[in-house]
$ cat final17.tsv   # TSV, C-alpha atoms
chain	number	residue	atom	x	y	z
A	1	MET	CA	19.01	42.58	51.81
A	2	GLU	CA	16.00	44.89	51.40
A	3	ALA	CA	17.69	46.52	48.40
A	4	GLU	CA	18.42	43.11	46.91
A	5	ILE	CA	14.76	42.10	47.19
A	6	LYS	CA	13.67	45.28	45.39
A	7	GLN	CA	16.28	44.62	42.70
A	8	ILE	CA	14.99	41.06	42.23
A	9	VAL	CA	11.43	42.31	41.76
A	10	GLU	CA	12.48	44.92	39.17
A	11	SER	CA	14.53	42.36	37.26
A	12	VAL	CA	11.66	39.87	37.23
A	13	LYS	CA	9.25	42.57	36.02
A	14	LEU	CA	11.46	43.17	32.96
A	15	SER	CA	11.75	39.43	32.27
A	16	ILE	CA	7.99	38.88	32.51
A	17	ALA	CA	7.34	41.80	30.18
A	18	LYS	CA	9.71	40.29	27.58
A	19	ALA	CA	8.14	36.78	27.72
A	20	LYS	CA	6.78	35.91	24.25
A	21	ASP	CA	4.93	32.71	25.11
A	22	LEU	CA	3.71	30.63	28.06
A	23	ALA	CA	6.82	28.45	28.06
A	24	SER	CA	9.22	31.38	28.48
A	25	LEU	CA	6.91	32.92	31.13
A	26	THR	CA	6.95	29.70	33.15
A	27	GLU	CA	10.73	29.65	32.94
A	28	VAL	CA	10.90	33.19	34.37
A	29	VAL	CA	8.56	32.33	37.26
A	30	VAL	CA	10.52	29.19	38.17
A	31	LYS	CA	13.82	31.04	38.18
A	32	SER	CA	12.49	33.87	40.32
A	33	THR	CA	10.31	32.01	42.86
A	34	GLY	CA	11.35	28.36	42.61
A	35	ARG	CA	13.20	26.31	45.20
A	36	LYS	CA	16.59	27.34	43.85
A	37	SER	CA	15.77	31.02	43.37
A	38	ARG	CA	17.49	33.80	45.29
A	39	LEU	CA	14.16	34.91	46.76
A	40	THR	CA	13.59	31.47	48.27
A	41	GLU	CA	17.13	31.51	49.72
A	42	ILE	CA	16.37	34.81	51.39
A	43	LEU	CA	13.17	33.42	52.97
A	44	ARG	CA	15.10	30.38	54.26
A	45	SER	CA	17.77	32.56	55.87
A	46	ILE	CA	15.33	34.74	57.84
A	47	SER	CA	15.74	32.61	60.97
A	48	GLU	CA	19.38	33.71	61.14
A	49	LEU	CA	18.44	37.41	61.43
A	50	ASN	CA	17.59	39.36	64.58
A	51	PRO	CA	13.87	39.85	65.34
A	52	ASP	CA	13.57	43.36	63.85
A	53	GLU	CA	15.34	42.44	60.59
A	54	ARG	CA	13.50	39.16	60.47
A	55	ARG	CA	10.13	40.92	60.51
A	56	GLN	CA	11.08	43.50	57.89
A	57	VAL	CA	12.85	41.12	55.49
A	58	GLY	CA	10.13	38.51	55.78
A	59	PHE	CA	7.46	41.07	54.97
A	60	LEU	CA	9.35	42.40	51.91
A	61	ALA	CA	10.20	38.93	50.60
A	62	ASN	CA	6.58	37.73	50.83
A	63	GLU	CA	5.37	40.96	49.23
A	64	ALA	CA	7.88	40.42	46.40
A	65	LYS	CA	6.67	36.87	45.86
A	66	VAL	CA	3.03	37.97	45.73
A	67	GLU	CA	3.91	40.78	43.31
A	68	ILE	CA	5.78	38.42	40.99
A	69	GLU	CA	2.85	35.98	40.97
A	70	ARG	CA	0.44	38.82	40.21
A	71	LEU	CA	2.54	40.07	37.29
A	72	ALA	CA	2.96	36.53	35.96
A	73	GLY	CA	-0.80	35.96	36.15
A	74	GLU	CA	-1.52	39.13	34.20
A	75	LYS	CA	1.07	38.22	31.57
A	76	GLN	CA	-0.34	34.71	31.28
A	77	THR	CA	-3.82	36.09	30.60
A	78	GLU	CA	-2.39	38.44	27.98
A	79	LEU	CA	-0.50	35.62	26.22
A	80	GLU	CA	-3.54	33.32	26.24
A	81	ILE	CA	-5.69	36.02	24.65
A	82	LYS	CA	-3.09	36.57	21.92
A	83	ARG	CA	-2.85	32.83	21.25
A	84	ALA	CA	-6.63	32.54	21.00
A	85	GLU	CA	-6.75	35.47	18.57
A	86	SER	CA	-3.99	33.93	16.42
A	87	MET	CA	-5.94	30.65	16.21
A	88	HIS	CA	-9.14	32.34	15.10
A	89	ARG	CA	-10.62	30.97	11.90
A	90	ASP	CA	-12.91	32.81	9.54
A	91	VAL	CA	-15.58	30.18	8.93
A	92	THR	CA	-16.78	32.05	5.83
A	93	LEU	CA	-13.50	31.35	4.00
A	94	PRO	CA	-13.28	28.34	1.62
A	95	GLY	CA	-12.09	25.16	3.34
A	96	ILE	CA	-8.68	23.60	2.80
A	97	LYS	CA	-9.14	20.79	0.30
A	98	PRO	CA	-7.40	17.65	1.60
A	99	ALA	CA	-5.10	15.69	-0.67
A	100	VAL	CA	-6.76	12.46	-1.76
A	101	GLY	CA	-5.34	9.30	-3.26
A	102	HIS	CA	-5.96	7.96	-6.73
A	103	LEU	CA	-6.47	4.52	-8.18
A	104	SER	CA	-3.41	2.94	-9.76
A	105	PRO	CA	-3.77	2.41	-13.52
A	106	ILE	CA	-3.27	-1.30	-12.76
A	107	THR	CA	-6.37	-1.27	-10.57
A	108	ILE	CA	-8.32	0.63	-13.24
A	109	VAL	CA	-7.45	-1.90	-15.94
A	110	MET	CA	-8.00	-4.90	-13.66
A	111	ARG	CA	-11.46	-3.67	-12.72
A	112	GLU	CA	-12.21	-3.14	-16.39
A	113	LEU	CA	-11.12	-6.70	-17.20
A	114	ILE	CA	-13.22	-8.10	-14.37
A	115	LYS	CA	-16.25	-6.14	-15.58
A	116	VAL	CA	-15.85	-7.32	-19.18
A	117	LEU	CA	-15.37	-10.99	-18.25
A	118	ALA	CA	-18.23	-10.84	-15.75
A	119	GLU	CA	-20.43	-10.05	-18.74
A	120	LEU	CA	-19.43	-13.47	-20.08
A	121	GLY	CA	-20.38	-15.19	-16.84
A	122	PHE	CA	-16.94	-15.44	-15.19
A	123	GLU	CA	-16.75	-15.28	-11.40
A	124	ILE	CA	-13.80	-14.15	-9.28
A	125	ALA	CA	-11.80	-16.79	-7.41
A	126	GLU	CA	-8.96	-15.98	-5.01
A	127	GLY	CA	-6.14	-17.86	-3.35
A	128	PRO	CA	-3.07	-17.27	-1.13
A	129	GLU	CA	0.04	-15.49	-2.36
A	130	ALA	CA	2.20	-17.84	-0.26
A	131	GLU	CA	1.44	-21.09	-2.04
A	132	LEU	CA	2.32	-24.79	-1.79
A	133	GLU	CA	4.64	-26.23	-4.42
A	134	LEU	CA	1.99	-28.91	-5.01
A	135	TYR	CA	-0.54	-26.37	-6.33
A	136	ASN	CA	1.92	-23.97	-7.95
A	137	PHE	CA	3.78	-26.64	-9.94
A	138	ASP	CA	3.03	-30.34	-9.48
A	139	LEU	CA	-0.71	-30.43	-10.17
A	140	LEU	CA	-0.18	-28.08	-13.11
A	141	ASN	CA	1.88	-30.78	-14.84
A	142	ILE	CA	5.21	-29.16	-13.88
A	143	PRO	CA	7.00	-31.78	-11.73
A	144	ALA	CA	10.31	-31.02	-10.01
A	145	GLU	CA	12.44	-32.36	-12.88
A	146	HIS	CA	10.51	-30.48	-15.61
A	147	PRO	CA	12.72	-27.97	-17.51
A	148	ALA	CA	9.84	-25.48	-17.63
A	149	ARG	CA	10.49	-24.72	-13.95
A	150	ASP	CA	13.56	-22.78	-15.01
A	151	GLU	CA	11.21	-20.16	-16.47
A	152	TRP	CA	9.55	-19.70	-13.08
A	153	ASP	CA	12.47	-18.85	-10.79
A	154	THR	CA	10.79	-17.80	-7.58
A	155	PHE	CA	11.08	-16.97	-3.91
A	156	TRP	CA	10.96	-19.98	-1.59
A	157	LEU	CA	9.67	-19.40	1.93
A	158	LYS	CA	9.88	-22.90	3.43
A	159	GLN	CA	11.54	-26.15	2.46
A	160	GLY	CA	9.57	-29.08	3.80
A	161	SER	CA	9.70	-32.83	3.28
A	162	ASP	CA	7.83	-32.73	-0.07
A	163	SER	CA	5.74	-30.54	-2.39
A	164	ARG	CA	2.83	-30.64	0.06
A	165	HIS	CA	5.00	-28.84	2.61
A	166	ASN	CA	7.26	-26.65	0.46
A	167	VAL	CA	6.01	-23.03	0.44
A	168	LEU	CA	6.85	-20.35	-2.12
A	169	LEU	CA	5.51	-17.04	-3.36
A	170	ARG	CA	3.25	-18.01	-6.24
A	171	THR	CA	4.70	-17.46	-9.71
A	172	HIS	CA	1.27	-17.18	-11.37
A	173	THR	CA	-2.36	-17.27	-10.29
A	174	SER	CA	-2.84	-20.74	-11.83
A	175	PRO	CA	-2.81	-22.45	-8.41
A	176	VAL	CA	-6.10	-20.62	-7.73
A	177	GLN	CA	-7.57	-22.60	-10.61
A	178	ILE	CA	-6.25	-25.87	-9.15
A	179	ARG	CA	-7.74	-25.11	-5.75
A	180	TYR	CA	-11.06	-24.17	-7.31
A	181	MET	CA	-11.26	-27.31	-9.47
A	182	LEU	CA	-10.47	-29.50	-6.46
A	183	ASP	CA	-13.38	-27.97	-4.56
A	184	ASN	CA	-15.93	-27.52	-7.36
A	185	LYS	CA	-17.38	-29.63	-10.14
A	186	PRO	CA	-17.83	-28.46	-13.76
A	187	PRO	CA	-19.16	-26.36	-15.32
A	188	ILE	CA	-16.51	-23.87	-14.16
A	189	ARG	CA	-16.04	-20.31	-15.32
A	190	ILE	CA	-13.65	-18.25	-13.15
A	191	ILE	CA	-11.04	-15.50	-13.27
A	192	SER	CA	-8.27	-15.19	-10.70
A	193	PRO	CA	-6.72	-11.71	-10.45
A	194	GLY	CA	-3.84	-11.06	-8.03
A	195	ARG	CA	-0.16	-10.42	-7.41
A	196	THR	CA	2.53	-12.86	-8.48
A	197	PHE	CA	6.26	-13.09	-7.79
A	198	ARG	CA	9.28	-14.18	-9.80
A	199	TYR	CA	13.00	-13.80	-9.35
A	200	GLU	CA	13.60	-11.30	-12.16
A	201	ALA	CA	16.37	-8.88	-13.06
A	202	GLU	CA	14.27	-5.71	-13.00
A	203	ASP	CA	14.36	-3.33	-15.92
A	204	ALA	CA	11.89	-1.26	-17.93
A	205	THR	CA	9.85	-4.33	-18.93
A	206	HIS	CA	10.45	-6.82	-16.09
A	207	ALA	CA	9.55	-6.74	-12.39
A	208	ALA	CA	9.85	-9.23	-9.54
A	209	VAL	CA	6.34	-8.35	-8.35
A	210	PHE	CA	3.57	-7.99	-10.88
A	211	SER	CA	-0.18	-8.43	-11.24
A	212	GLN	CA	-1.81	-11.14	-13.29
A	213	MET	CA	-5.28	-12.27	-14.16
A	214	GLU	CA	-5.98	-15.78	-15.35
A	215	GLY	CA	-9.21	-17.20	-16.65
A	216	LEU	CA	-10.50	-20.77	-16.69
A	217	MET	CA	-13.52	-22.36	-18.29
A	218	VAL	CA	-14.30	-26.07	-17.97
A	219	ASP	CA	-17.41	-27.61	-19.49
A	220	LYS	CA	-18.54	-30.16	-22.04
A	221	ASN	CA	-17.62	-29.68	-25.71
A	222	LEU	CA	-15.36	-26.64	-25.28
A	223	SER	CA	-12.90	-26.05	-28.11
A	224	VAL	CA	-10.24	-23.64	-29.34
A	225	ALA	CA	-13.05	-21.71	-31.04
A	226	ASN	CA	-14.52	-20.85	-27.61
A	227	LEU	CA	-11.08	-19.83	-26.37
A	228	LYS	CA	-10.48	-17.51	-29.34
A	229	ALA	CA	-13.93	-15.97	-29.03
A	230	VAL	CA	-13.52	-15.09	-25.34
A	231	ILE	CA	-10.02	-13.67	-25.68
A	232	THR	CA	-10.79	-11.68	-28.83
A	233	TYR	CA	-13.86	-10.23	-27.14
A	234	PHE	CA	-12.17	-8.94	-24.02
A	235	VAL	CA	-8.99	-7.72	-25.80
A	236	LYS	CA	-11.09	-5.61	-28.16
A	237	ARG	CA	-13.24	-4.35	-25.26
A	238	VAL	CA	-10.19	-3.21	-23.31
A	239	LEU	CA	-7.82	-2.02	-26.05
A	240	GLY	CA	-10.36	-1.02	-28.70
A	241	ASP	CA	-12.50	-2.64	-31.39
A	242	GLU	CA	-9.99	-1.72	-34.08
A	243	LYS	CA	-7.26	-3.94	-32.61
A	244	ILE	CA	-6.26	-7.06	-34.55
A	245	VAL	CA	-5.62	-10.20	-32.47
A	246	ARG	CA	-3.33	-13.05	-33.57
A	247	PHE	CA	-2.97	-16.53	-32.04
A	248	ARG	CA	0.50	-18.04	-32.41
A	249	PRO	CA	1.38	-21.65	-31.46
A	250	SER	CA	3.44	-21.93	-28.27
A	251	PHE	CA	4.09	-24.28	-25.35
A	252	PHE	CA	2.91	-24.35	-21.74
A	253	PRO	CA	3.07	-27.47	-19.56
A	254	PHE	CA	-0.51	-27.07	-18.37
A	255	THR	CA	-2.26	-26.45	-21.72
A	256	GLU	CA	-2.42	-28.51	-24.91
A	257	PRO	CA	-2.49	-27.01	-27.51
A	258	SER	CA	-1.01	-23.69	-26.35
A	259	PHE	CA	-0.93	-20.24	-27.94
A	260	GLU	CA	0.61	-16.80	-27.54
A	261	VAL	CA	-1.79	-13.95	-28.17
A	262	ASP	CA	-0.37	-10.99	-30.11
A	263	VAL	CA	-1.97	-7.62	-30.79
A	264	TRP	CA	-1.20	-5.35	-33.74
A	265	PHE	CA	-0.19	-2.17	-31.96
A	266	ASN	CA	1.47	0.95	-33.37
A	267	GLY	CA	2.54	-0.81	-36.55
A	268	LYS	CA	3.93	-4.03	-35.06
A	269	TRP	CA	2.87	-7.26	-33.37
A	270	LEU	CA	3.21	-7.19	-29.58
A	271	GLU	CA	2.97	-10.28	-27.39
A	272	LEU	CA	0.13	-9.83	-24.91
A	273	MET	CA	-0.66	-13.10	-23.15
A	274	GLY	CA	-0.62	-16.89	-23.17
A	275	CYS	CA	-3.51	-19.32	-23.43
A	276	GLY	CA	-4.50	-22.82	-24.42
A	277	MET	CA	-6.75	-25.80	-23.87
A	278	VAL	CA	-6.33	-27.28	-20.39
A	279	SER	CA	-4.07	-30.34	-20.49
A	280	PRO	CA	-5.97	-33.62	-19.93
A	281	GLN	CA	-3.38	-34.50	-17.29
A	282	VAL	CA	-4.19	-31.35	-15.31
A	283	LEU	CA	-7.87	-32.27	-15.43
A	284	ARG	CA	-7.08	-35.76	-14.21
A	285	ASN	CA	-4.91	-34.30	-11.40
A	286	VAL	CA	-7.95	-32.49	-9.99
A	287	GLY	CA	-10.40	-35.35	-10.46
A	288	ILE	CA	-12.12	-34.20	-13.66
A	289	ASP	CA	-12.57	-36.72	-16.46
A	290	PRO	CA	-11.02	-35.30	-19.66
A	291	LYS	CA	-13.15	-37.72	-21.73
A	292	ILE	CA	-16.26	-35.88	-20.57
A	293	TYR	CA	-15.02	-32.34	-19.98
A	294	SER	CA	-12.60	-30.01	-21.72
A	295	GLY	CA	-11.46	-26.56	-20.79
A	296	PHE	CA	-9.38	-23.58	-21.73
A	297	ALA	CA	-7.25	-21.18	-19.69
A	298	PHE	CA	-5.54	-17.86	-20.32
A	299	GLY	CA	-3.32	-15.53	-18.36
A	300	VAL	CA	-2.49	-11.87	-18.92
A	301	GLY	CA	-0.04	-9.61	-17.12
A	302	ILE	CA	-1.98	-6.56	-15.98
A	303	GLU	CA	1.08	-4.31	-16.14
A	304	ARG	CA	1.77	-5.32	-19.75
A	305	LEU	CA	-1.82	-4.68	-20.77
A	306	THR	CA	-1.83	-1.35	-18.92
A	307	MET	CA	1.42	-0.28	-20.57
A	308	LEU	CA	-0.12	-0.95	-23.97
A	309	LYS	CA	-3.40	0.77	-23.17
A	310	TYR	CA	-1.83	3.96	-21.76
A	311	ASN	CA	1.48	3.96	-23.67
A	312	ILE	CA	3.61	3.60	-20.50
A	313	SER	CA	7.28	2.93	-21.22
A	314	ASP	CA	8.64	1.69	-17.86
A	315	ILE	CA	7.05	-0.98	-15.65
A	316	ARG	CA	8.90	0.38	-12.60
A	317	LEU	CA	6.63	3.43	-12.59
A	318	PHE	CA	3.83	1.26	-11.18
A	319	LEU	CA	5.72	0.65	-7.93
A	320	ASN	CA	7.48	3.97	-7.28
A	321	GLY	CA	4.61	5.44	-5.24
A	322	ASP	CA	4.74	8.83	-6.98
A	323	PRO	CA	1.19	10.33	-6.96
A	324	ARG	CA	2.03	12.41	-10.02
A	325	PHE	CA	2.09	9.18	-12.01
A	326	ALA	CA	-1.18	7.72	-10.71
A	327	ASN	CA	-3.05	11.03	-10.95
A	328	GLN	CA	-2.74	11.02	-14.75
A	329	PHE	CA	-5.24	8.20	-15.17
$ encode --input "final17.tsv" --output "C-alpha cells"
Amino acid sequence: MEAEIKQIVESVKLSIAKAKDLASLTEVVVKSTGRKSRLTEILRSISELNPDERRQVGFLANEAKVEIERLAGEKQTELEIKRAESMHRDVTLPGIKPAVGHLSPITIVMRELIKVLAELGFEIAEGPEAELELYNFDLLNIPAEHPARDEWDTFWLKQGSDSRHNVLLRTHTSPVQIRYMLDNKPPIRIISPGRTFRYEAEDATHAAVFSQMEGLMVDKNLSVANLKAVITYFVKRVLGDEKIVRFRPSFFPFTEPSFEVDVWFNGKWLELMGCGMVSPQVLRNVGIDPKIYSGFAFGVGIERLTMLKYNISDIRLFLNGDPRFANQF
C-alpha cells in the first residue's frame, strides 16, 4: 500500500505538470484527492489495518494529499500568471474601431422632405399604424361598397360590428389627416410620414410594407395653383432644379380634381405621386364647411422617390438589412 501511495503521487505530479489551464488542473485535483479517488479509499480503509500499519499508511497518505495540494497550488499560480500576461493590453496601440450603423436612404430622403416642407410651414402629424376602418376608408369617401377599395387590399387585424370597430394595418397615411382635421380647426398645414401596408405581390417595384409621406393644407381660397406650387417646389428641391414636373389628370376618391405627378427622368416620364384638391365630402365628414374652406393633399412613396434620387433598381434592397447597401448613402 505504501508503494501504491508513492505511485499515486508520482502520477499526479505528471498530470499537474501537463495541465494547460485551470479547468484541466481542477479535474486532476478532483480525480486524485476527491471522494472517489484511490487516495481517499486508502484513508477510509486505514481502520481495517493493524496499529503499526495504520500509523504508517495514514502518515504517508496524508503526506501525499498535502504534497498534491502544494503542487496544485503552485501550478494554479503559474497558470494565473500566464493568463494575466496573455490578457495584457498595450494601451499605446490604436483602439479597435467599433462597427456603427448607418441611416437608411429612406430615412435620409424622408428627413430631407420634412426639412423642405417645414420651410413652407408644414408641421408633422402622426397616427397609429393599426387603424380603424372608419378613418382609413369611410371618412375618406371610400365606403365599403366603393370599387376603389380593391386598389387597397390590406391586412385586417380585427373584424368588429362596424367600421368603428374593424381594425386593419393602414394602407396610407391619409387617416392621420382625418384624425388631425377632427381635432383641429383650419388653417391646417401638416405632413404625415410613416409606414403603410398593402397586400402586394412583391417584386422589384412593389412591397407589402413601404414608407409614405402625405401632405395636407386646408385654408380659405386655396386652389390648384397652390397645390402645383408646393409640389413643384419640393420635387425640385429633392431631385434637382433641372427636373421637369408634369401634372396629369387622375382619380382618387378623396380628392376632386385629382392628379398624378410625373417627373422627366433619364429621358422619360416617370410617375412619382398622387395629389388633388380635398373632396368637399371629406371636408364635411370632418366638420369643415367646404363653402368656406378648401384644401389640397398629396402623397408620395418614399421608396419610389429614393429609388429615383439614387438610381436604385430593386425596392427589396431597402428591407434586406445588408449594411453594405445602407453604407453607400
$ closest_residue --input "final17.tsv" --among "A:Ala61, A:Leu305, A:Ile315, A:Ile124" --to "A:Glu202" --atoms "only C-alpha atoms"
A:Ile315
$ atom_distance --input "final17.tsv" --atom1 "atom CA of A:Phe122" --atom2 "atom CA of A:Trp152"
26.9 Å
$ closest_residue --input "final17.tsv" --among "A:Leu117, A:Val28, A:Val282, A:Val263" --to "A:Asp138" --atoms "only C-alpha atoms"
A:Val282
$ closest_residue --input "final17.tsv" --among "A:Lys158, A:Lys309, A:His88, A:Lys75" --to "A:Val235" --atoms "all atoms listed in the file"
A:Lys309
$ closest_atom_pairs --input "final17.tsv" --of "stretch 197-247 of chain A" --to "stretch 297-302 of chain A" --cutoff "12 Å" --atoms "all atoms listed in the file" --output "CSV"
residue,atom,partner,partner_atom,distance
A:Phe197,CA,A:Gly301,CA,11.8
A:Thr205,CA,A:Gly301,CA,11.4
A:His206,CA,A:Gly301,CA,10.9
A:Ala207,CA,A:Gly301,CA,11.1
A:Val209,CA,A:Gly301,CA,10.9
A:Phe210,CA,A:Gly301,CA,7.4
A:Ser211,CA,A:Ile302,CA,5.4
A:Gln212,CA,A:Gly301,CA,4.5
A:Met213,CA,A:Val300,CA,5.5
A:Glu214,CA,A:Gly299,CA,4.0
A:Gly215,CA,A:Phe298,CA,5.2
A:Leu216,CA,A:Ala297,CA,4.4
A:Met217,CA,A:Ala297,CA,6.5
A:Val218,CA,A:Ala297,CA,8.8
A:Leu222,CA,A:Ala297,CA,11.3
A:Ser223,CA,A:Ala297,CA,11.2
A:Val224,CA,A:Ala297,CA,10.4
A:Asn226,CA,A:Ala297,CA,10.8
A:Leu227,CA,A:Ala297,CA,7.8
A:Lys228,CA,A:Phe298,CA,10.3
A:Val230,CA,A:Phe298,CA,9.8
A:Ile231,CA,A:Phe298,CA,8.1
A:Thr232,CA,A:Phe298,CA,11.8
A:Phe234,CA,A:Val300,CA,11.3
A:Val235,CA,A:Val300,CA,10.3
A:Val238,CA,A:Ile302,CA,11.5
$ residues_around --input "final17.tsv" --residues "A:Ala23" --least-positions-apart "6" --cutoff "12 Å" --atoms "all atoms listed in the file" --output "list in words"
Ile16, Val29, Val30, Ala72, Lys75, Gln76, Leu79 and Glu80 of chain A
$ closest_residue --input "final17.tsv" --among "A:Arg170, A:Lys65, A:Arg38, A:Arg284" --to "A:Gly127" --atoms "all atoms listed in the file"
A:Arg170
$ atom_distance --input "final17.tsv" --atom1 "atom CA of A:Glu67" --atom2 "atom CA of A:Lys18"
16.8 Å
$ residues_around --input "final17.tsv" --residues "A:Gly321" --least-positions-apart "6" --cutoff "12 Å" --atoms "all atoms listed in the file" --output "NGL selection string"
:A and (101-104 or 327)
$ atom_distance --input "final17.tsv" --atom1 "atom CA of A:Ile244" --atom2 "atom CA of A:Phe265"
8.2 Å
$ residues_around --input "final17.tsv" --residues "stretch 159-164 of chain A" --least-positions-apart "6" --cutoff "7 Å" --atoms "only C-alpha atoms" --output "MDAnalysis selection string"
chainID A and resid 132:134
$ closest_residue --input "final17.tsv" --among "A:Leu239, A:Met273, A:Leu139, A:Met307" --to "A:Val176" --atoms "all atoms listed in the file"
A:Leu139
$ closest_residue --input "final17.tsv" --among "A:Ala19, A:Ile5, A:Val116, A:Val278" --to "A:Gly58" --atoms "only C-alpha atoms"
A:Ile5
$ axis_aligned_box --input "final17.tsv" --around "stretch 131-150 of chain A" --padding-each-side "6 Å" --output "lines of an AutoDock Vina configuration file"
center_x = 6.4
center_y = -26.7
center_z = -9.7
size_x = 26.3
size_y = 23.3
size_z = 27.8
$ residues_around --input "final17.tsv" --residues "A:Pro175" --least-positions-apart "6" --cutoff "8 Å" --atoms "only C-alpha atoms" --output "count of residues only"
6
$ residues_near_point --input "final17.tsv" --point "(5.7, -17.5, -4.0)" --cutoff "10 Å" --atoms "all atoms listed in the file" --output "JSON, numbers by chain"
{"A": [128, 129, 130, 131, 132, 133, 136, 153, 154, 155, 156, 157, 167, 168, 169, 170, 171, 172, 195, 196, 197, 198, 199]}
$ residues_around --input "final17.tsv" --residues "A:Ser258" --least-positions-apart "2" --cutoff "9 Å" --atoms "only C-alpha atoms" --output "ChimeraX atom specification"
/A:248-256,260,274-278
$ decode --input "final17.tsv" --residues "stretch 223-241 of chain A" --atoms "N, CA and C atoms" --output "mmCIF file, in the first residue's frame"
data_model
loop_
_atom_site.group_PDB
_atom_site.id
_atom_site.type_symbol
_atom_site.label_atom_id
_atom_site.label_comp_id
_atom_site.auth_asym_id
_atom_site.auth_seq_id
_atom_site.Cartn_x
_atom_site.Cartn_y
_atom_site.Cartn_z
ATOM 1 N N SER A 223 -56.278 76.889 -54.034
ATOM 2 C CA SER A 223 -56.633 76.419 -55.382
ATOM 3 C C SER A 223 -55.583 75.443 -55.893
ATOM 4 N N VAL A 224 -55.804 74.952 -57.110
ATOM 5 C CA VAL A 224 -54.848 74.047 -57.744
ATOM 6 C C VAL A 224 -53.500 74.745 -57.932
ATOM 7 N N ALA A 225 -53.528 76.056 -58.103
ATOM 8 C CA ALA A 225 -52.269 76.799 -58.260
ATOM 9 C C ALA A 225 -51.390 76.645 -57.025
ATOM 10 N N ASN A 226 -51.994 76.696 -55.831
ATOM 11 C CA ASN A 226 -51.219 76.494 -54.595
ATOM 12 C C ASN A 226 -50.662 75.085 -54.529
ATOM 13 N N LEU A 227 -51.490 74.105 -54.925
ATOM 14 C CA LEU A 227 -51.052 72.713 -54.939
ATOM 15 C C LEU A 227 -49.845 72.530 -55.852
ATOM 16 N N LYS A 228 -49.927 73.045 -57.066
ATOM 17 C CA LYS A 228 -48.834 72.896 -58.028
ATOM 18 C C LYS A 228 -47.568 73.582 -57.539
ATOM 19 N N ALA A 229 -47.726 74.730 -56.901
ATOM 20 C CA ALA A 229 -46.553 75.469 -56.431
ATOM 21 C C ALA A 229 -45.808 74.694 -55.356
ATOM 22 N N VAL A 230 -46.549 74.132 -54.390
ATOM 23 C CA VAL A 230 -45.921 73.393 -53.298
ATOM 24 C C VAL A 230 -45.223 72.145 -53.812
ATOM 25 N N ILE A 231 -45.911 71.382 -54.651
ATOM 26 C CA ILE A 231 -45.332 70.119 -55.130
ATOM 27 C C ILE A 231 -44.127 70.384 -56.022
ATOM 28 N N THR A 232 -44.234 71.333 -56.924
ATOM 29 C CA THR A 232 -43.104 71.655 -57.804
ATOM 30 C C THR A 232 -41.899 72.096 -56.987
ATOM 31 N N TYR A 233 -42.139 72.865 -55.944
ATOM 32 C CA TYR A 233 -41.048 73.351 -55.101
ATOM 33 C C TYR A 233 -40.293 72.199 -54.447
ATOM 34 N N PHE A 234 -41.041 71.296 -53.784
ATOM 35 C CA PHE A 234 -40.299 70.282 -53.036
ATOM 36 C C PHE A 234 -39.732 69.191 -53.933
ATOM 37 N N VAL A 235 -40.351 68.908 -55.107
ATOM 38 C CA VAL A 235 -39.775 67.934 -56.033
ATOM 39 C C VAL A 235 -38.434 68.446 -56.563
ATOM 40 N N LYS A 236 -38.398 69.730 -56.937
ATOM 41 C CA LYS A 236 -37.153 70.291 -57.453
ATOM 42 C C LYS A 236 -36.085 70.380 -56.356
ATOM 43 N N ARG A 237 -36.508 70.652 -55.123
ATOM 44 C CA ARG A 237 -35.546 70.717 -54.016
ATOM 45 C C ARG A 237 -34.921 69.354 -53.747
ATOM 46 N N VAL A 238 -35.702 68.301 -53.891
ATOM 47 C CA VAL A 238 -35.202 66.963 -53.558
ATOM 48 C C VAL A 238 -34.486 66.311 -54.734
ATOM 49 N N LEU A 239 -35.050 66.424 -55.942
ATOM 50 C CA LEU A 239 -34.489 65.735 -57.102
ATOM 51 C C LEU A 239 -33.590 66.626 -57.960
ATOM 52 N N GLY A 240 -33.687 67.950 -57.755
ATOM 53 C CA GLY A 240 -32.837 68.852 -58.535
ATOM 54 C C GLY A 240 -33.653 69.895 -59.279
ATOM 55 N N ASP A 241 -33.113 71.108 -59.364
ATOM 56 C CA ASP A 241 -33.831 72.212 -60.006
ATOM 57 C C ASP A 241 -34.074 71.976 -61.489
#
